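Have a look at coords26.pdb below; it lists PDB, C-alpha atoms (C1' of nucleotides).
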ATOM      1  CA  MET M  93      41.513 -95.620  39.121
ATOM      2  CA  ALA M  94      42.147 -92.804  41.566
ATOM      3  CA  ASN M  95      45.418 -92.697  43.443
ATOM      4  CA  LYS M  96      45.202 -94.593  46.665
ATOM      5  CA  LYS M  97      45.063 -92.481  49.762
ATOM      6  CA  SER M  98      48.120 -92.532  51.982
ATOM      7  CA  TYR M  99      48.496 -91.748  55.659
ATOM      8  CA  TRP M 100      51.127 -89.845  57.584
ATOM      9  CA  LEU M 101      52.160 -88.831  61.051
ATOM     10  CA  MET M 102      53.466 -85.281  61.313
ATOM     11  CA  LYS M 103      55.154 -83.951  64.431
ATOM     12  CA  SER M 104      54.604 -80.434  65.618
ATOM     13  CA  GLU M 105      55.843 -78.820  68.770
ATOM     14  CA  PRO M 106      52.686 -77.488  70.421
ATOM     15  CA  HIS M 107      54.406 -74.368  71.677
ATOM     16  CA  GLU M 108      55.030 -73.526  68.021
ATOM     17  CA  CYS M 109      51.875 -74.896  66.418
ATOM     18  CA  SER M 110      49.445 -77.000  68.425
ATOM     19  CA  ILE M 111      46.322 -78.654  67.046
ATOM     20  CA  ASP M 112      44.392 -75.750  68.601
ATOM     21  CA  ASP M 113      46.594 -73.261  66.755
ATOM     22  CA  ALA M 114      46.057 -75.128  63.502
ATOM     23  CA  LEU M 115      42.279 -75.233  63.980
ATOM     24  CA  ALA M 116      42.285 -71.509  64.717
ATOM     25  CA  ALA M 117      44.250 -70.660  61.588
ATOM     26  CA  SER M 118      42.589 -69.330  58.464
ATOM     27  CA  ASN M 119      40.706 -72.225  56.881
ATOM     28  CA  ALA M 120      42.266 -74.365  59.652
ATOM     29  CA  THR M 121      45.225 -74.663  57.340
ATOM     30  CA  VAL M 122      48.885 -74.212  58.230
ATOM     31  CA  PRO M 123      51.995 -74.239  56.031
ATOM     32  CA  TRP M 124      54.271 -77.103  57.107
ATOM     33  CA  THR M 125      57.363 -74.969  56.922
ATOM     34  CA  GLY M 126      60.838 -75.540  58.250
ATOM     35  CA  VAL M 127      61.437 -79.210  57.454
ATOM     36  CA  ARG M 128      65.174 -79.575  56.881
ATOM     37  CA  ASN M 129      65.570 -83.301  56.637
ATOM     38  CA  TYR M 130      65.779 -84.877  53.209
ATOM     39  CA  GLN M 131      63.744 -87.952  54.031
ATOM     40  CA  ALA M 132      60.912 -85.915  55.494
ATOM     41  CA  ARG M 133      61.128 -83.477  52.599
ATOM     42  CA  ASN M 134      60.888 -86.327  50.108
ATOM     43  CA  PHE M 135      57.666 -87.545  51.682
ATOM     44  CA  MET M 136      56.107 -84.121  51.148
ATOM     45  CA  TRP M 137      57.674 -83.525  47.760
ATOM     46  CA  ARG M 138      57.262 -86.901  46.135
ATOM     47  CA  GLN M 139      54.646 -88.922  47.924
ATOM     48  CA  MET M 140      51.963 -86.821  49.541
ATOM     49  CA  ARG M 141      48.698 -86.198  47.744
ATOM     50  CA  VAL M 142      45.954 -83.728  48.563
ATOM     51  CA  GLY M 143      43.505 -85.486  50.852
ATOM     52  CA  ASP M 144      45.999 -87.863  52.447
ATOM     53  CA  GLY M 145      45.248 -88.496  56.115
ATOM     54  CA  VAL M 146      47.498 -86.954  58.763
ATOM     55  CA  LEU M 147      47.887 -87.791  62.429
ATOM     56  CA  PHE M 148      48.746 -84.485  64.089
ATOM     57  CA  TYR M 149      51.338 -85.359  66.711
ATOM     58  CA  HIS M 150      52.547 -83.176  69.556
ATOM     59  CA  SER M 151      56.250 -83.643  70.276
ATOM     60  CA  SER M 152      58.837 -82.135  72.616
ATOM     61  CA  CYS M 153      56.215 -81.329  75.198
ATOM     62  CA  PRO M 154      54.934 -82.671  78.539
ATOM     63  CA  GLU M 155      52.423 -85.011  76.877
ATOM     64  CA  PRO M 156      53.694 -86.242  73.522
ATOM     65  CA  GLY M 157      51.137 -88.041  71.398
ATOM     66  CA  VAL M 158      48.501 -87.891  68.710
ATOM     67  CA  ALA M 159      46.402 -84.793  69.339
ATOM     68  CA  GLY M 160      44.285 -84.454  66.232
ATOM     69  CA  ILE M 161      43.349 -85.467  62.727
ATOM     70  CA  ALA M 162      44.332 -83.475  59.658
ATOM     71  CA  GLU M 163      44.798 -83.849  55.943
ATOM     72  CA  VAL M 164      47.229 -82.829  53.265
ATOM     73  CA  ALA M 165      45.763 -79.664  51.778
ATOM     74  CA  SER M 166      48.088 -78.637  48.967
ATOM     75  CA  THR M 167      50.457 -79.960  46.377
ATOM     76  CA  PRO M 168      54.122 -79.455  47.243
ATOM     77  CA  TYR M 169      55.702 -76.053  46.805
ATOM     78  CA  PRO M 170      59.088 -74.541  47.701
ATOM     79  CA  ASP M 171      59.425 -73.570  51.351
ATOM     80  CA  PRO M 172      59.865 -69.779  51.181
ATOM     81  CA  THR M 173      61.815 -69.650  54.446
ATOM     82  CA  GLN M 174      64.838 -71.238  52.744
ATOM     83  CA  PHE M 175      65.307 -67.954  50.849
ATOM     84  CA  ASP M 176      64.551 -65.667  53.794
ATOM     85  CA  ARG M 177      67.795 -64.431  55.242
ATOM     86  CA  HIS M 178      66.022 -63.506  58.465
ATOM     87  CA  SER M 179      64.378 -66.873  58.986
ATOM     88  CA  LYS M 180      65.904 -69.456  61.262
ATOM     89  CA  TYR M 181      65.244 -71.872  58.409
ATOM     90  CA  PHE M 182      67.309 -69.857  55.946
ATOM     91  CA  ASP M 183      69.507 -72.023  53.742
ATOM     92  CA  ALA M 184      72.277 -70.025  52.079
ATOM     93  CA  SER M 185      72.912 -72.722  49.525
ATOM     94  CA  ALA M 186      69.321 -73.008  48.286
ATOM     95  CA  ARG M 187      68.746 -71.471  44.848
ATOM     96  CA  PRO M 188      65.364 -70.074  43.798
ATOM     97  CA  GLU M 189      65.725 -71.685  40.361
ATOM     98  CA  GLU M 190      66.344 -75.027  42.057
ATOM     99  CA  PRO M 191      64.710 -75.044  45.497
ATOM    100  CA  ARG M 192      66.064 -77.536  47.959
ATOM    101  CA  TRP M 193      63.239 -77.608  50.504
ATOM    102  CA  TRP M 194      59.628 -78.389  49.661
ATOM    103  CA  MET M 195      56.534 -78.326  51.827
ATOM    104  CA  VAL M 196      52.774 -78.775  51.812
ATOM    105  CA  ASP M 197      49.864 -77.149  53.572
ATOM    106  CA  VAL M 198      48.072 -79.163  56.238
ATOM    107  CA  LYS M 199      44.426 -78.660  57.142
ATOM    108  CA  ALA M 200      43.382 -79.552  60.668
ATOM    109  CA  LEU M 201      40.078 -81.459  60.753
ATOM    110  CA  ALA M 202      39.548 -82.217  64.421
ATOM    111  CA  LYS M 203      41.124 -82.109  67.819
ATOM    112  CA  THR M 204      40.948 -85.506  69.475
ATOM    113  CA  ARG M 205      41.627 -86.769  72.925
ATOM    114  CA  LEU M 206      45.345 -87.190  73.346
ATOM    115  CA  ILE M 207      46.658 -90.656  72.554
ATOM    116  CA  GLY M 208      49.943 -90.507  74.415
ATOM    117  CA  ILE M 209      53.051 -92.253  73.255
ATOM    118  CA  GLY M 210      52.622 -94.722  76.119
ATOM    119  CA  GLU M 211      49.201 -95.722  74.841
ATOM    120  CA  LEU M 212      50.605 -96.075  71.336
ATOM    121  CA  ARG M 213      53.376 -98.321  72.595
ATOM    122  CA  ALA M 214      50.904-100.429  74.524
ATOM    123  CA  ALA M 215      48.791-101.202  71.459
ATOM    124  CA  ALA M 216      49.857-104.477  69.896
ATOM    125  CA  ALA M 217      48.492-103.373  66.529
ATOM    126  CA  LEU M 218      50.835-100.399  66.495
ATOM    127  CA  THR M 219      54.172-101.955  67.421
ATOM    128  CA  ASP M 220      55.503-101.431  63.897
ATOM    129  CA  MET M 221      54.740 -97.720  63.783
ATOM    130  CA  THR M 222      57.820 -95.827  62.639
ATOM    131  CA  ILE M 223      57.352 -93.219  65.335
ATOM    132  CA  LEU M 224      57.787 -95.909  67.988
ATOM    133  CA  ARG M 225      61.008 -97.286  66.615
ATOM    134  CA  ARG M 226      64.001 -96.850  68.837
ATOM    135  CA  GLY M 227      65.889 -93.698  68.048
ATOM    136  CA  ASN M 228      63.332 -92.438  65.578
ATOM    137  CA  ARG M 229      63.673 -88.729  64.980
ATOM    138  CA  LEU M 230      61.930 -88.207  61.671
ATOM    139  CA  SER M 231      59.332 -85.473  61.889
ATOM    140  CA  ILE M 232      57.202 -86.974  59.131
ATOM    141  CA  THR M 233      56.620 -90.702  58.893
ATOM    142  CA  PRO M 234      54.283 -92.920  56.882
ATOM    143  CA  VAL M 235      51.386 -94.610  58.655
ATOM    144  CA  THR M 236      49.894 -97.799  57.253
ATOM    145  CA  ALA M 237      46.187 -98.068  56.489
ATOM    146  CA  ASP M 238      45.872-100.633  59.275
ATOM    147  CA  GLN M 239      47.551 -98.341  61.777
ATOM    148  CA  TRP M 240      45.353 -95.444  60.668
ATOM    149  CA  ARG M 241      42.227 -97.557  61.031
ATOM    150  CA  HIS M 242      43.266 -98.765  64.452
ATOM    151  CA  ILE M 243      43.888 -95.270  65.755
ATOM    152  CA  THR M 244      40.795 -93.656  64.283
ATOM    153  CA  THR M 245      38.657 -96.541  65.527
ATOM    154  CA  ARG M 246      40.158 -96.161  68.971
ATOM    155  CA  LEU M 247      39.320 -92.452  68.891
ATOM    156  CA  ALA M 248      35.777 -93.117  67.725
ATOM    157  CA  ARG M 249      35.215 -95.533  70.580
ATOM    158  CA  SER M 250      36.424 -93.115  73.201
ATOM    159  CA  GLY M 251      34.802 -89.987  71.859
TER     160      GLY M 251
ATOM    161  C1'  DG X  22      69.313 -82.076  82.120
ATOM    162  C1'  DC X  23      70.528 -86.644  80.326
ATOM    163  C1'  DC X  24      71.676 -89.322  76.668
ATOM    164  C1'  DA X  25      70.771 -92.694  72.766
ATOM    165  C1'  DA X  26      70.346 -92.407  68.093
ATOM    166  C1'  DC X  27      71.086 -90.565  63.888
ATOM    167  C1'  DG X  28      72.167 -87.027  60.079
ATOM    168  C1'  DT X  29      75.636 -83.942  58.445
ATOM    169  C1'  DT X  30      80.126 -82.106  57.909
ATOM    170  C1'  DG X  31      84.749 -81.926  56.657
ATOM    171  C1'  DG X  32      89.613 -83.507  56.850
ATOM    172  C1'  DC X  33      92.166 -86.871  54.832
TER     173       DC X  33
ATOM    174  C1'  DG H 108      84.770 -92.554  49.950
ATOM    175  C1'  DC H 109      85.844 -93.248  54.837
ATOM    176  C1'  DC H 110      84.833 -92.035  59.349
ATOM    177  C1'  DA H 111      85.379 -89.208  63.605
ATOM    178  C1'  DA H 112      83.496 -85.180  65.414
ATOM    179  C1'  DC H 113      79.737 -82.537  66.004
ATOM    180  C1'  DG H 114      74.916 -80.971  66.254
ATOM    181  C1'  DT H 115      70.131 -82.088  66.766
ATOM    182  C1'  DT H 116      66.086 -84.594  68.120
ATOM    183  C1'  DG H 117      62.986 -85.926  71.498
ATOM    184  C1'  DG H 118      61.452 -89.098  75.154
ATOM    185  C1'  DC H 119      62.374 -89.641  79.732
TER     186       DC H 119
END
Could you spell out this file's structure in structure tokens?
Amino acid sequence: MANKKSYWLMKSEPHECSIDDALAASNATVPWTGVRNYQARNFMWRQMRVGDGVLFYHSSCPEPGVAGIAEVASTPYPDPTQFDRHSKYFDASARPEEPRWWMVDVKALAKTRLIGIGELRAAAALTDMTILRRGNRLSITPVTADQWRHITTRLARSG
DNA sequence: GCCAACGTTGGC
DNA sequence: GCCAACGTTGGC
């Protein structure tokens, strides 16, 4: 039996990479570089599979919320910026023979209407979403199949 | 700009 | 291994 598809929410600051930027990229695919949190890294490194569903979330902006649909588009590979002395993501203690930070590529599939964080909080079916938990700061969080279905259905209804 | 929450660091 | 200090995240 094929591996079951998983779902994720991935935060991006739109002034760095918005859903429009991702859709405009070559093959609508962007490298999810710069993650420097072990929990978020582990999701990409150990759990994501090509084809997993991704909610593309805009954060640290005037209207935070789900802004598009995407999918995992590569297997994990070492984030090259950890070895780039000129990158703000440079990690002096990362060794090429044993990379510390791993990443995937993400392919944008569609821009959607914005489902703001207020609308997410107001949906009874979504109260357990990790992103809505008090004090949550993780940039990558798992989404359950039920939560995914609720959100994509909501988007389908509203165009 | 505020500040709650949380991860990381480093002295002990 | 404890834990206080510090830095960062991110909604408001």
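Proximity of M:Trp124, M:Trp194, M:Tyr130, M:Phe135 to chain X, computed with all atoms listed in the file, is greatest for M:Tyr130.
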Quick one: which residues from chain H are at most 12 Å off chain M, using all atoms listed in the file, as a PDB file with C-alpha atoms (C1' of nucleotides), keeping the file's coordinate frame?
ATOM      1  C1'  DT H 115      70.131 -82.088  66.766  1.00  0.00           C
ATOM      2  C1'  DT H 116      66.086 -84.594  68.120  1.00  0.00           C
ATOM      3  C1'  DG H 117      62.986 -85.926  71.498  1.00  0.00           C
ATOM      4  C1'  DG H 118      61.452 -89.098  75.154  1.00  0.00           C
ATOM      5  C1'  DC H 119      62.374 -89.641  79.732  1.00  0.00           C
TER       6       DC H 119
END
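Of note, atom CA of M:Ala215 and atom CA of M:Asp238 are spaced 12.5 Å apart.
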Hey, could you pull the box centre and edge lengths for chain H, axis-aligned, 6 Å padding per side, all listed atoms, to one decimal in Å, as JSON?
{"center_x": 73.6, "center_y": -87.1, "center_z": 64.8, "size_x": 36.4, "size_y": 24.3, "size_z": 41.8}
**Request:** Quote the spacing between atom CA of M:Gly160 and atom CA of M:Met140 in Å to one decimal place.
**Result:** 18.5 Å
**Prompt:** Counting only C-alpha atoms (C1' of nucleotides), what is within 10 Å of M:Gly210, bar same-chain residues fewer than 2 positions away, as a list in words?
**Reply:** Glu155, Pro156, Gly157, Ile207, Gly208, Leu212, Arg213, Ala214, Ala215 and Leu224 of chain M
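Distances to M:Ala117 were evaluated for M:Tyr181, M:Thr173, M:Lys199, M:Ala165 using all atoms listed in the file, and the minimum falls at M:Lys199.
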**Message:** Since I can't run it myself right now, could you work out what the PyMOL selection byres ((chain M and resi 139) around 12) selects here and report it as a count of residues only?
**Reply:** 27
**Item:** For atom CA of M:Ala186 and atom CA of M:Tyr169, the interatomic separation in Å (one decimal)
**Value:** 14.0 Å
**Matched chain/residue IDs from the PyMOL selection byres ((chain X and resi 25) around 10), as a list in words** = Arg226 and Gly227 of chain M; DC23, DC24, DA26 and DC27 of chain X
**Message:** Could you check which residues have any atom within 12 Å of (47.1, -74.5, 66.4), counting all atoms listed in the file with coordinates taken straight from the file, and then list them as a PyMOL selection string?
**Reply:** chain M and resi 104-123+148-150+159-160+162+198-203
